[in-house]
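File shown: work06.cif. Contents: mmCIF, C-alpha atoms.
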data_upload
#
loop_
_atom_site.label_atom_id
_atom_site.label_comp_id
_atom_site.auth_asym_id
_atom_site.auth_seq_id
_atom_site.Cartn_x
_atom_site.Cartn_y
_atom_site.Cartn_z
CA MET Y 1 0.00 0.00 0.00
CA SER Y 2 1.41 3.38 -1.03
CA LEU Y 3 0.56 6.10 1.49
CA ASN Y 4 1.56 9.75 1.51
CA LYS Y 5 0.17 12.84 3.21
CA LEU Y 6 -1.09 14.53 0.04
CA THR Y 7 -3.04 11.48 -1.15
CA LEU Y 8 -4.68 10.95 2.22
CA ARG Y 9 -5.52 14.63 2.66
CA ILE Y 10 -7.08 14.77 -0.81
CA GLY Y 11 -9.10 11.65 -0.04
CA PHE Y 12 -10.36 12.99 3.27
CA GLY Y 13 -11.01 16.49 1.90
CA ALA Y 14 -12.91 15.16 -1.13
CA ALA Y 15 -15.08 12.93 1.10
CA VAL Y 16 -15.92 15.90 3.35
CA PHE Y 17 -16.65 18.03 0.26
CA ASN Y 18 -19.09 15.38 -0.95
CA ILE Y 19 -20.76 15.17 2.46
CA LEU Y 20 -21.27 18.94 2.56
CA GLY Y 21 -22.59 18.82 -1.01
CA GLY Y 22 -25.10 16.17 0.06
CA ILE Y 23 -26.28 18.33 2.95
CA ALA Y 24 -26.67 21.32 0.61
CA TYR Y 25 -28.64 19.14 -1.81
CA LEU Y 26 -31.02 18.04 0.94
CA ALA Y 27 -31.51 21.69 1.96
CA ILE Y 28 -32.39 22.70 -1.62
CA LEU Y 29 -34.62 19.65 -1.97
CA ALA Y 30 -36.49 20.77 1.16
CA VAL Y 31 -37.06 24.15 -0.52
CA VAL Y 32 -38.37 22.40 -3.65
CA VAL Y 33 -40.81 20.34 -1.58
CA ALA Y 34 -41.85 23.25 0.68
CA THR Y 35 -42.56 25.53 -2.28
CA ALA Y 36 -44.20 22.71 -4.30
CA THR Y 37 -41.91 23.54 -7.22
CA PRO Y 38 -42.98 21.47 -10.26
CA THR Y 39 -40.12 19.62 -11.95
CA SER Y 40 -41.80 20.43 -15.26
CA ASP Y 41 -40.75 24.09 -14.79
CA PRO Y 42 -36.99 24.09 -15.56
CA GLY Y 43 -36.85 27.87 -15.11
CA ALA Y 44 -37.84 27.70 -11.43
CA PRO Y 45 -34.99 29.04 -9.23
CA PRO Y 46 -34.87 25.99 -6.89
CA LEU Y 47 -34.35 23.67 -9.87
CA VAL Y 48 -31.63 25.97 -11.19
CA TRP Y 49 -29.95 25.72 -7.78
CA VAL Y 50 -30.20 21.93 -7.97
CA SER Y 51 -28.53 21.85 -11.39
CA THR Y 52 -25.79 24.23 -10.24
CA LEU Y 53 -25.04 22.04 -7.25
CA MET Y 54 -25.27 18.82 -9.27
CA LEU Y 55 -22.89 20.23 -11.89
CA ILE Y 56 -20.20 20.77 -9.26
CA GLY Y 57 -20.98 18.10 -6.66
CA PRO Y 58 -20.38 14.83 -8.57
CA LEU Y 59 -16.93 16.05 -9.63
CA GLY Y 60 -15.84 15.58 -6.01
CA LEU Y 61 -16.00 11.82 -6.50
CA VAL Y 62 -13.12 11.90 -9.00
CA PRO Y 63 -10.33 13.01 -6.58
CA LEU Y 64 -11.85 10.80 -3.87
CA TRP Y 65 -11.71 7.72 -6.10
CA ALA Y 66 -8.23 8.72 -7.35
CA ALA Y 67 -7.02 8.85 -3.74
CA ILE Y 68 -8.56 5.42 -3.08
CA HIS Y 69 -6.74 4.00 -6.09
CA ALA Y 70 -3.44 5.65 -5.17
CA SER Y 71 -3.56 4.26 -1.61
CA ASN Y 72 -4.84 0.82 -2.63
CA PRO Y 73 -2.69 -2.36 -2.34
CA GLU Y 74 -1.22 -3.63 -5.59
CA GLU Y 75 -3.26 -6.86 -5.68
CA THR Y 76 -6.60 -5.02 -6.00
CA ARG Y 77 -5.52 -1.94 -7.95
CA VAL Y 78 -7.09 -3.21 -11.16
CA LEU Y 79 -10.46 -3.07 -9.37
CA SER Y 80 -9.93 0.44 -7.99
CA LEU Y 81 -8.75 1.63 -11.42
CA THR Y 82 -11.81 0.11 -13.09
CA SER Y 83 -14.02 1.81 -10.49
CA LEU Y 84 -12.25 5.14 -11.06
CA ALA Y 85 -12.93 4.87 -14.81
CA PHE Y 86 -16.64 4.33 -14.15
CA VAL Y 87 -16.71 7.30 -11.73
CA ILE Y 88 -15.18 9.53 -14.41
CA LEU Y 89 -17.86 8.36 -16.86
CA PHE Y 90 -20.50 9.02 -14.19
CA SER Y 91 -19.28 12.56 -13.48
CA ALA Y 92 -18.99 13.43 -17.17
CA THR Y 93 -22.42 12.04 -18.07
CA THR Y 94 -24.40 13.65 -15.26
CA SER Y 95 -22.62 16.96 -15.89
CA ILE Y 96 -24.01 17.00 -19.45
CA ASN Y 97 -27.60 17.14 -18.17
CA ARG Y 98 -26.91 19.97 -15.74
CA TRP Y 99 -24.79 21.95 -18.22
CA VAL Y 100 -27.51 21.75 -20.86
CA HIS Y 101 -30.10 22.89 -18.28
CA LEU Y 102 -28.04 25.88 -17.15
CA THR Y 103 -27.20 26.96 -20.70
CA VAL Y 104 -29.42 25.79 -23.58
CA VAL Y 105 -32.64 25.26 -21.63
CA ARG Y 106 -32.48 28.51 -19.64
CA GLN Y 107 -31.49 30.54 -22.71
CA ALA Y 108 -34.30 28.98 -24.76
CA LEU Y 109 -36.81 29.81 -22.04
CA ALA Y 110 -35.57 33.41 -21.92
CA ALA Y 111 -36.01 33.65 -25.70
CA ASN Y 112 -39.41 31.94 -25.51
CA ALA Y 113 -38.11 29.25 -27.88
CA THR Y 114 -39.79 26.30 -26.22
CA GLN Y 115 -40.63 24.12 -29.21
CA GLY Y 116 -39.08 20.69 -28.63
CA LEU Y 117 -37.54 21.84 -25.36
CA ASP Y 118 -39.13 18.98 -23.40
CA TRP Y 119 -36.53 16.64 -24.89
CA PHE Y 120 -33.74 18.57 -23.13
CA THR Y 121 -35.16 19.49 -19.72
CA PRO Y 122 -33.34 18.05 -16.65
CA TYR Y 123 -36.39 16.01 -15.64
CA GLY Y 124 -39.23 14.37 -17.51
CA ARG Y 125 -40.16 10.92 -18.78
CA HIS Y 126 -39.42 11.88 -22.39
CA SER Y 127 -36.30 13.95 -21.73
CA ILE Y 128 -33.06 12.80 -23.36
CA MET Y 129 -31.05 14.61 -20.71
CA TYR Y 130 -32.92 12.87 -17.89
CA ALA Y 131 -32.16 9.53 -19.55
CA LEU Y 132 -28.46 10.44 -19.49
CA GLU Y 133 -28.78 11.32 -15.81
CA ILE Y 134 -30.18 7.88 -15.00
CA LEU Y 135 -27.50 6.30 -17.20
CA ALA Y 136 -24.96 8.05 -14.99
CA TYR Y 137 -26.51 7.28 -11.60
CA GLY Y 138 -28.04 3.92 -12.42
CA TRP Y 139 -25.41 2.35 -14.67
CA PHE Y 140 -21.99 4.04 -14.35
CA LEU Y 141 -22.24 4.78 -10.61
CA GLY Y 142 -23.65 1.31 -9.91
CA LEU Y 143 -20.73 -0.35 -11.73
CA ALA Y 144 -18.26 1.96 -9.98
CA LEU Y 145 -19.55 1.00 -6.54
CA LEU Y 146 -19.64 -2.72 -7.34
CA SER Y 147 -16.09 -2.61 -8.77
CA LEU Y 148 -14.79 -0.92 -5.64
CA ALA Y 149 -16.51 -3.19 -3.10
CA PRO Y 150 -13.93 -6.04 -3.23
CA VAL Y 151 -11.15 -3.53 -2.49
CA PHE Y 152 -12.55 -3.32 1.06
CA GLY Y 153 -13.14 -7.04 1.47
CA ARG Y 154 -10.62 -7.27 4.29
CA ALA Y 155 -10.53 -7.53 8.07
CA GLY Y 156 -11.79 -4.67 10.20
CA ARG Y 157 -15.24 -3.32 11.01
CA LEU Y 158 -14.89 -0.14 8.94
CA ALA Y 159 -13.67 -2.09 5.89
CA ARG Y 160 -16.57 -4.53 6.18
CA CYS Y 161 -19.04 -1.63 6.47
CA LEU Y 162 -17.57 -0.11 3.32
CA PHE Y 163 -17.71 -3.43 1.48
CA TRP Y 164 -21.40 -4.01 2.22
CA SER Y 165 -22.35 -0.37 1.67
CA LEU Y 166 -20.65 -0.36 -1.74
CA LEU Y 167 -22.11 -3.72 -2.72
CA ILE Y 168 -25.70 -2.98 -1.69
CA SER Y 169 -25.68 0.59 -3.01
CA GLY Y 170 -24.22 -0.57 -6.32
CA LEU Y 171 -26.96 -3.15 -6.75
CA LEU Y 172 -29.63 -0.59 -5.87
CA CYS Y 173 -28.22 1.85 -8.44
CA LEU Y 174 -28.29 -0.81 -11.14
CA ALA Y 175 -31.89 -1.61 -10.19
CA GLY Y 176 -32.73 2.08 -10.68
CA GLY Y 177 -31.16 2.02 -14.13
CA MET Y 178 -33.20 -1.06 -14.99
CA GLY Y 179 -36.28 0.83 -13.81
CA GLN Y 180 -35.91 3.39 -16.57
CA LEU Y 181 -34.91 0.75 -19.10
CA THR Y 182 -38.04 -1.32 -18.39
CA GLY Y 183 -40.39 1.53 -17.50
CA ILE Y 184 -40.92 0.20 -13.97
CA ASP Y 185 -41.12 3.30 -11.75
CA GLU Y 186 -40.83 1.27 -8.54
CA LEU Y 187 -37.30 0.23 -9.53
CA LEU Y 188 -36.39 3.89 -10.05
CA MET Y 189 -37.42 4.56 -6.46
CA VAL Y 190 -35.20 1.66 -5.36
CA GLY Y 191 -32.32 3.23 -7.27
CA MET Y 192 -32.73 6.50 -5.38
CA ALA Y 193 -31.90 4.66 -2.16
CA GLY Y 194 -28.60 3.64 -3.73
CA TRP Y 195 -27.43 6.92 -5.23
CA ALA Y 196 -28.81 9.18 -2.50
CA LEU Y 197 -28.74 7.43 0.87
CA GLY Y 198 -26.16 4.80 -0.05
CA LEU Y 199 -23.68 7.18 -1.64
CA GLY Y 200 -24.02 9.57 1.29
CA LEU Y 201 -23.20 6.79 3.76
CA ILE Y 202 -20.25 5.69 1.63
CA ASN Y 203 -18.79 9.20 1.70
CA VAL Y 204 -19.08 9.31 5.49
CA LEU Y 205 -17.37 5.93 5.79
CA LEU Y 206 -14.61 6.96 3.36
CA ALA Y 207 -13.99 10.15 5.32
CA ALA Y 208 -13.50 7.99 8.42
CA TRP Y 209 -11.29 5.61 6.41
CA PHE Y 210 -8.93 8.34 5.20
CA PHE Y 211 -8.91 9.99 8.63
CA ARG Y 212 -7.68 6.71 10.16
CA LEU Y 213 -5.07 6.20 7.45
CA ASN Y 214 -3.83 9.77 7.89
CA ARG Y 215 -3.56 9.32 11.65
CA ALA Y 216 -1.75 5.98 11.23
CA LEU Y 217 0.71 7.57 8.80
CA ALA Y 218 1.37 10.47 11.17
CA GLU Y 219 2.04 8.05 14.04
CA SER Y 220 4.37 6.00 11.83
CA ILE Y 221 6.37 9.08 10.80
CA SER Y 222 6.50 10.24 14.43
CA LYS Y 223 7.96 6.90 15.53
CA LYS Y 224 10.60 6.98 12.81
CA GLU Y 225 11.65 10.50 13.75
CA ALA Y 226 11.79 9.72 17.47
CA PRO Y 227 15.39 9.36 18.80
#

Please express the file's structure as C-alpha cells.
Amino acid sequence: MSLNKLTLRIGFGAAVFNILGGIAYLAILAVVVATATPTSDPGAPPLVWVSTLMLIGPLGLVPLWAAIHASNPEETRVLSLTSLAFVILFSATTSINRWVHLTVVRQALAANATQGLDWFTPYGRHSIMYALEILAYGWFLGLALLSLAPVFGRAGRLARCLFWSLLISGLLCLAGGMGQLTGIDELLMVGMAGWALGLGLINVLLAAWFFRLNRALAESISKKEAP
C-alpha cells in the first residue's frame, strides 16, 4: 500500500466536500418540496440551484476515487482503477444534463423558444437529458460501486461496512437504471436509495477511512523521527 500525506488529505477532503454537497442538496430539496416547485418548470430558481449544485458536486468523487486508487494495495488496484474509470464516466455524463439545463434550456426559455424543449429538460419521462442522468446514476455509478466493493473485502469493522455499503448501493443503483430501461417506476425509487442514501453513507465511511489512514501515517512518521 502506497501512502503519503497529500493522497490521504485529498481523499479525506474530497469525502468531506461530498458530504457537505449532500447536505446542501437536501436543503435545496427541502425548498423544492416546501414551495411545491414542479419539476416540469426548468426555469424555477430551486431547480436551477439543484442543477448548479449537481454540476459541481459529482466532480468531487473523481479526486476521492483517485485517492482510493493511489492508496490501494497492488493486488486489488485493477479493481480500484476500473471503479475510477466508471466514476469519471459518471461525473462526465451527469454533468451533461446539468450543463444543458443551465445553458441551452435557460437561454431557450428566456427567448421563448420552447418548441421541442421537453426533450432537453433536466427532468421528464421523455427527456433525453434525464435519460443520461439515470444512465450516470443507475449504470456508471452502480458499476463503480460494485467494482470498488472487493477492495474493502478485508478484516476490520470499517472495511466490512464499506464493502457491504458499496455492494448494496451498487446493486440498488443498477436496479434504478433497470427501472428506466423497463419503465418500472418502482425500480427507479429503489435506485434513489442507492445513489442518494447509499452514496451519502459511503462518503461518510470513506472520510473515516482516510482519517484513520492519515492518523496511522502520522504516528508512523512520528515513531521513525523519534530518537

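Here, the PyMOL selection byres ((chain Y and resi 99) around 10) matches Y:Ser51, Y:Thr52, Y:Met54, Y:Leu55, Y:Thr94, Y:Ser95, Y:Ile96, Y:Asn97, Y:Arg98, Y:Val100, Y:His101, Y:Leu102, Y:Thr103, Y:Val104, Y:Val105, Y:Pro122, Y:Met129.
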
- Spell out the residues picked by the PyMOL selection byres ((chain Y and resi 15) around 7) here, as an MDAnalysis selection string. chainID Y and resid 11:14 16:19 64 203:204 206:207

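Remark: for Val190 (chain Y), the closest of the candidate residues Y:Tyr123, Y:Leu166, Y:Gly138, Y:Pro58 is Y:Gly138 (distances computed over all atoms listed in the file).
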
- Task: Taking the file above as input, evaluate the PyMOL selection byres ((chain Y and resi 43) around 9) and report the hits as a ChimeraX atom specification.
- Result: /Y:40-42,44-48,101,105-106,109-110

Let me see the file: selected residues, C-alpha atoms, as a PDB file, in the coordinates of the input.
ATOM      1  CA  SER Y  40     -41.800  20.430 -15.260  1.00  0.00           C
ATOM      2  CA  ASP Y  41     -40.750  24.090 -14.790  1.00  0.00           C
ATOM      3  CA  PRO Y  42     -36.990  24.090 -15.560  1.00  0.00           C
ATOM      4  CA  ALA Y  44     -37.840  27.700 -11.430  1.00  0.00           C
ATOM      5  CA  PRO Y  45     -34.990  29.040  -9.230  1.00  0.00           C
ATOM      6  CA  PRO Y  46     -34.870  25.990  -6.890  1.00  0.00           C
ATOM      7  CA  LEU Y  47     -34.350  23.670  -9.870  1.00  0.00           C
ATOM      8  CA  VAL Y  48     -31.630  25.970 -11.190  1.00  0.00           C
ATOM      9  CA  HIS Y 101     -30.100  22.890 -18.280  1.00  0.00           C
ATOM     10  CA  VAL Y 105     -32.640  25.260 -21.630  1.00  0.00           C
ATOM     11  CA  ARG Y 106     -32.480  28.510 -19.640  1.00  0.00           C
ATOM     12  CA  LEU Y 109     -36.810  29.810 -22.040  1.00  0.00           C
ATOM     13  CA  ALA Y 110     -35.570  33.410 -21.920  1.00  0.00           C
TER      14      ALA Y 110
END

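Pairwise distance (CA of Ala36 (chain Y), CA of Gln180 (chain Y)) equals 24.3 Å.
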
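The coordinates place CA of Val78 (chain Y) at 22.6 Å from CA of Arg9 (chain Y).
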
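Computed from the coordinates, the CA of Phe90 (chain Y) to CA of Val50 (chain Y) distance equals 17.3 Å.
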
Any idea what's packed within 9 Å of Cys161 (chain Y), counting all atoms listed in the file, ignoring anything in its chain fewer than 3 positions away? Could you give it as an mmCIF file with C-alpha atoms, keeping the file's coordinate frame?
data_model
loop_
_atom_site.group_PDB
_atom_site.id
_atom_site.type_symbol
_atom_site.label_atom_id
_atom_site.label_comp_id
_atom_site.auth_asym_id
_atom_site.auth_seq_id
_atom_site.Cartn_x
_atom_site.Cartn_y
_atom_site.Cartn_z
ATOM 1 C CA PHE Y 152 -12.550 -3.320 1.060
ATOM 2 C CA GLY Y 156 -11.790 -4.670 10.200
ATOM 3 C CA ARG Y 157 -15.240 -3.320 11.010
ATOM 4 C CA LEU Y 158 -14.890 -0.140 8.940
ATOM 5 C CA TRP Y 164 -21.400 -4.010 2.220
ATOM 6 C CA SER Y 165 -22.350 -0.370 1.670
ATOM 7 C CA LEU Y 166 -20.650 -0.360 -1.740
ATOM 8 C CA ILE Y 202 -20.250 5.690 1.630
ATOM 9 C CA LEU Y 205 -17.370 5.930 5.790
#

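Taking all atoms listed in the file, the non-local environment of Gly194 (chain Y) within 7 Å (same-chain residues fewer than 5 positions away omitted) comprises Ser169, Gly170, Leu172, Cys173 and Leu199 of chain Y.
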
Selected residues written out, C-alpha atoms, as a short mmCIF file (atom, residue, chain, number, x, y, z; two decimals), in the frame of the given file:
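So the final result, stored in again.cif, reads:
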data_model
loop_
_atom_site.label_atom_id
_atom_site.label_comp_id
_atom_site.auth_asym_id
_atom_site.auth_seq_id
_atom_site.Cartn_x
_atom_site.Cartn_y
_atom_site.Cartn_z
CA SER Y 169 -25.68 0.59 -3.01
CA GLY Y 170 -24.22 -0.57 -6.32
CA LEU Y 172 -29.63 -0.59 -5.87
CA CYS Y 173 -28.22 1.85 -8.44
CA LEU Y 199 -23.68 7.18 -1.64
#

- Task: Show which residues sit within 6 Å of region 81-89 of chain Y, as a PyMOL selection string. Count all atoms listed in the file, and ignore same-chain residues fewer than 5 positions away.
- Result: chain Y and resi 65+140+144+147-148

For those residues, write C-alpha atoms to a file as a PDB file, keeping the file's coordinate frame.
ATOM      1  CA  TRP Y  65     -11.710   7.720  -6.100  1.00  0.00           C
ATOM      2  CA  PHE Y 140     -21.990   4.040 -14.350  1.00  0.00           C
ATOM      3  CA  ALA Y 144     -18.260   1.960  -9.980  1.00  0.00           C
ATOM      4  CA  SER Y 147     -16.090  -2.610  -8.770  1.00  0.00           C
ATOM      5  CA  LEU Y 148     -14.790  -0.920  -5.640  1.00  0.00           C
TER       6      LEU Y 148
END

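Distance annotation: of Y:Thr182, Y:Ser91, Y:Ser220, Y:Gln107, the residue with the minimal separation from Tyr137 (chain Y) is Y:Ser91; atom set is only C-alpha atoms.
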
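Comparing Y:Tyr130, Y:Leu143, Y:Asn214, Y:Pro150 by their smallest distance to Asp118 (chain Y), the closest is Y:Tyr130 (using all atoms listed in the file).
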
- Item | Selection near Leu181 (chain Y), 12 Å with all atoms listed in the file, sequence-local residues under 2 positions removed, as a ChimeraX atom specification | /Y:125,131-132,134-135,138-139,174-179,183-185,187-188

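Shortest atom-to-atom contact with Ala218 (chain Y) among Y:Gln115, Y:Lys5, Y:Ile168, Y:Pro38: Y:Lys5, counting only C-alpha atoms.
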
- Which residues come within 12 Å of Ala27 (chain Y), counting all atoms listed in the file, excluding same-chain residues fewer than 5 positions away, as a list in words? Leu20, Gly21, Gly22, Val32, Val33, Ala34, Pro46, Trp49, Val50 and Leu53 of chain Y

Got a minute to add N, CA and C atoms to region 96-128 of chain Y and dump it as a PDB file, keeping the file's coordinate frame?
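Output saved as out-v7.pdb:
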ATOM      1  N   ILE Y  96     -23.403  16.598 -18.184  1.00  0.00           N
ATOM      2  CA  ILE Y  96     -24.010  17.000 -19.450  1.00  0.00           C
ATOM      3  C   ILE Y  96     -25.436  17.497 -19.229  1.00  0.00           C
ATOM      4  N   ASN Y  97     -26.216  16.747 -18.444  1.00  0.00           N
ATOM      5  CA  ASN Y  97     -27.600  17.140 -18.170  1.00  0.00           C
ATOM      6  C   ASN Y  97     -27.668  18.508 -17.514  1.00  0.00           C
ATOM      7  N   ARG Y  98     -26.855  18.706 -16.487  1.00  0.00           N
ATOM      8  CA  ARG Y  98     -26.910  19.970 -15.740  1.00  0.00           C
ATOM      9  C   ARG Y  98     -26.373  21.137 -16.554  1.00  0.00           C
ATOM     10  N   TRP Y  99     -25.349  20.884 -17.372  1.00  0.00           N
ATOM     11  CA  TRP Y  99     -24.790  21.950 -18.220  1.00  0.00           C
ATOM     12  C   TRP Y  99     -25.824  22.403 -19.257  1.00  0.00           C
ATOM     13  N   VAL Y 100     -26.488  21.427 -19.869  1.00  0.00           N
ATOM     14  CA  VAL Y 100     -27.510  21.750 -20.860  1.00  0.00           C
ATOM     15  C   VAL Y 100     -28.650  22.539 -20.211  1.00  0.00           C
ATOM     16  N   HIS Y 101     -29.046  22.161 -18.988  1.00  0.00           N
ATOM     17  CA  HIS Y 101     -30.100  22.890 -18.280  1.00  0.00           C
ATOM     18  C   HIS Y 101     -29.699  24.330 -18.021  1.00  0.00           C
ATOM     19  N   LEU Y 102     -28.477  24.533 -17.532  1.00  0.00           N
ATOM     20  CA  LEU Y 102     -28.040  25.880 -17.150  1.00  0.00           C
ATOM     21  C   LEU Y 102     -27.709  26.762 -18.349  1.00  0.00           C
ATOM     22  N   THR Y 103     -27.541  26.167 -19.514  1.00  0.00           N
ATOM     23  CA  THR Y 103     -27.200  26.960 -20.700  1.00  0.00           C
ATOM     24  C   THR Y 103     -28.344  26.931 -21.719  1.00  0.00           C
ATOM     25  N   VAL Y 104     -28.455  25.862 -22.471  1.00  0.00           N
ATOM     26  CA  VAL Y 104     -29.420  25.790 -23.580  1.00  0.00           C
ATOM     27  C   VAL Y 104     -30.856  25.970 -23.099  1.00  0.00           C
ATOM     28  N   VAL Y 105     -31.252  25.227 -22.077  1.00  0.00           N
ATOM     29  CA  VAL Y 105     -32.640  25.260 -21.630  1.00  0.00           C
ATOM     30  C   VAL Y 105     -33.009  26.640 -21.084  1.00  0.00           C
ATOM     31  N   ARG Y 106     -32.174  27.197 -20.225  1.00  0.00           N
ATOM     32  CA  ARG Y 106     -32.480  28.510 -19.640  1.00  0.00           C
ATOM     33  C   ARG Y 106     -32.491  29.596 -20.714  1.00  0.00           C
ATOM     34  N   GLN Y 107     -31.553  29.538 -21.653  1.00  0.00           N
ATOM     35  CA  GLN Y 107     -31.490  30.540 -22.710  1.00  0.00           C
ATOM     36  C   GLN Y 107     -32.688  30.420 -23.648  1.00  0.00           C
ATOM     37  N   ALA Y 108     -33.123  29.185 -23.912  1.00  0.00           N
ATOM     38  CA  ALA Y 108     -34.300  28.980 -24.760  1.00  0.00           C
ATOM     39  C   ALA Y 108     -35.550  29.509 -24.083  1.00  0.00           C
ATOM     40  N   LEU Y 109     -35.662  29.292 -22.770  1.00  0.00           N
ATOM     41  CA  LEU Y 109     -36.810  29.810 -22.040  1.00  0.00           C
ATOM     42  C   LEU Y 109     -36.832  31.338 -22.063  1.00  0.00           C
ATOM     43  N   ALA Y 110     -35.658  31.947 -21.903  1.00  0.00           N
ATOM     44  CA  ALA Y 110     -35.570  33.410 -21.920  1.00  0.00           C
ATOM     45  C   ALA Y 110     -35.966  33.969 -23.283  1.00  0.00           C
ATOM     46  N   ALA Y 111     -35.677  33.205 -24.342  1.00  0.00           N
ATOM     47  CA  ALA Y 111     -36.010  33.650 -25.700  1.00  0.00           C
ATOM     48  C   ALA Y 111     -37.386  33.165 -26.138  1.00  0.00           C
ATOM     49  N   ASN Y 112     -38.088  32.497 -25.230  1.00  0.00           N
ATOM     50  CA  ASN Y 112     -39.410  31.940 -25.510  1.00  0.00           C
ATOM     51  C   ASN Y 112     -39.378  30.959 -26.692  1.00  0.00           C
ATOM     52  N   ALA Y 113     -38.252  30.254 -26.823  1.00  0.00           N
ATOM     53  CA  ALA Y 113     -38.110  29.250 -27.880  1.00  0.00           C
ATOM     54  C   ALA Y 113     -38.277  27.871 -27.244  1.00  0.00           C
ATOM     55  N   THR Y 114     -39.516  27.503 -27.000  1.00  0.00           N
ATOM     56  CA  THR Y 114     -39.790  26.300 -26.220  1.00  0.00           C
ATOM     57  C   THR Y 114     -40.177  25.081 -27.062  1.00  0.00           C
ATOM     58  N   GLN Y 115     -40.247  25.247 -28.370  1.00  0.00           N
ATOM     59  CA  GLN Y 115     -40.630  24.120 -29.210  1.00  0.00           C
ATOM     60  C   GLN Y 115     -39.578  23.005 -29.131  1.00  0.00           C
ATOM     61  N   GLY Y 116     -39.999  21.817 -28.747  1.00  0.00           N
ATOM     62  CA  GLY Y 116     -39.080  20.690 -28.630  1.00  0.00           C
ATOM     63  C   GLY Y 116     -38.203  20.710 -27.406  1.00  0.00           C
ATOM     64  N   LEU Y 117     -38.417  21.687 -26.518  1.00  0.00           N
ATOM     65  CA  LEU Y 117     -37.540  21.840 -25.360  1.00  0.00           C
ATOM     66  C   LEU Y 117     -37.711  20.710 -24.349  1.00  0.00           C
ATOM     67  N   ASP Y 118     -38.874  20.069 -24.341  1.00  0.00           N
ATOM     68  CA  ASP Y 118     -39.130  18.980 -23.400  1.00  0.00           C
ATOM     69  C   ASP Y 118     -38.106  17.851 -23.519  1.00  0.00           C
ATOM     70  N   TRP Y 119     -37.515  17.701 -24.692  1.00  0.00           N
ATOM     71  CA  TRP Y 119     -36.530  16.640 -24.890  1.00  0.00           C
ATOM     72  C   TRP Y 119     -35.233  16.922 -24.121  1.00  0.00           C
ATOM     73  N   PHE Y 120     -35.027  18.177 -23.704  1.00  0.00           N
ATOM     74  CA  PHE Y 120     -33.740  18.570 -23.130  1.00  0.00           C
ATOM     75  C   PHE Y 120     -33.828  19.098 -21.702  1.00  0.00           C
ATOM     76  N   THR Y 121     -35.009  19.041 -21.108  1.00  0.00           N
ATOM     77  CA  THR Y 121     -35.160  19.490 -19.720  1.00  0.00           C
ATOM     78  C   THR Y 121     -34.475  18.499 -18.772  1.00  0.00           C
ATOM     79  N   PRO Y 122     -34.081  18.946 -17.560  1.00  0.00           N
ATOM     80  CA  PRO Y 122     -33.340  18.050 -16.650  1.00  0.00           C
ATOM     81  C   PRO Y 122     -34.173  16.901 -16.121  1.00  0.00           C
ATOM     82  N   TYR Y 123     -35.508  17.063 -16.119  1.00  0.00           N
ATOM     83  CA  TYR Y 123     -36.390  16.010 -15.640  1.00  0.00           C
ATOM     84  C   TYR Y 123     -37.512  15.804 -16.662  1.00  0.00           C
ATOM     85  N   GLY Y 124     -38.117  14.649 -16.608  1.00  0.00           N
ATOM     86  CA  GLY Y 124     -39.230  14.370 -17.510  1.00  0.00           C
ATOM     87  C   GLY Y 124     -39.091  13.002 -18.152  1.00  0.00           C
ATOM     88  N   ARG Y 125     -40.197  12.291 -18.264  1.00  0.00           N
ATOM     89  CA  ARG Y 125     -40.160  10.920 -18.780  1.00  0.00           C
ATOM     90  C   ARG Y 125     -39.618  10.861 -20.211  1.00  0.00           C
ATOM     91  N   HIS Y 126     -39.841  11.903 -20.992  1.00  0.00           N
ATOM     92  CA  HIS Y 126     -39.420  11.880 -22.390  1.00  0.00           C
ATOM     93  C   HIS Y 126     -38.205  12.773 -22.646  1.00  0.00           C
ATOM     94  N   SER Y 127     -37.470  13.093 -21.594  1.00  0.00           N
ATOM     95  CA  SER Y 127     -36.300  13.950 -21.730  1.00  0.00           C
ATOM     96  C   SER Y 127     -35.042  13.119 -21.987  1.00  0.00           C
ATOM     97  N   ILE Y 128     -34.325  13.472 -23.044  1.00  0.00           N
ATOM     98  CA  ILE Y 128     -33.060  12.800 -23.360  1.00  0.00           C
ATOM     99  C   ILE Y 128     -32.041  13.043 -22.259  1.00  0.00           C
TER     100      ILE Y 128
END
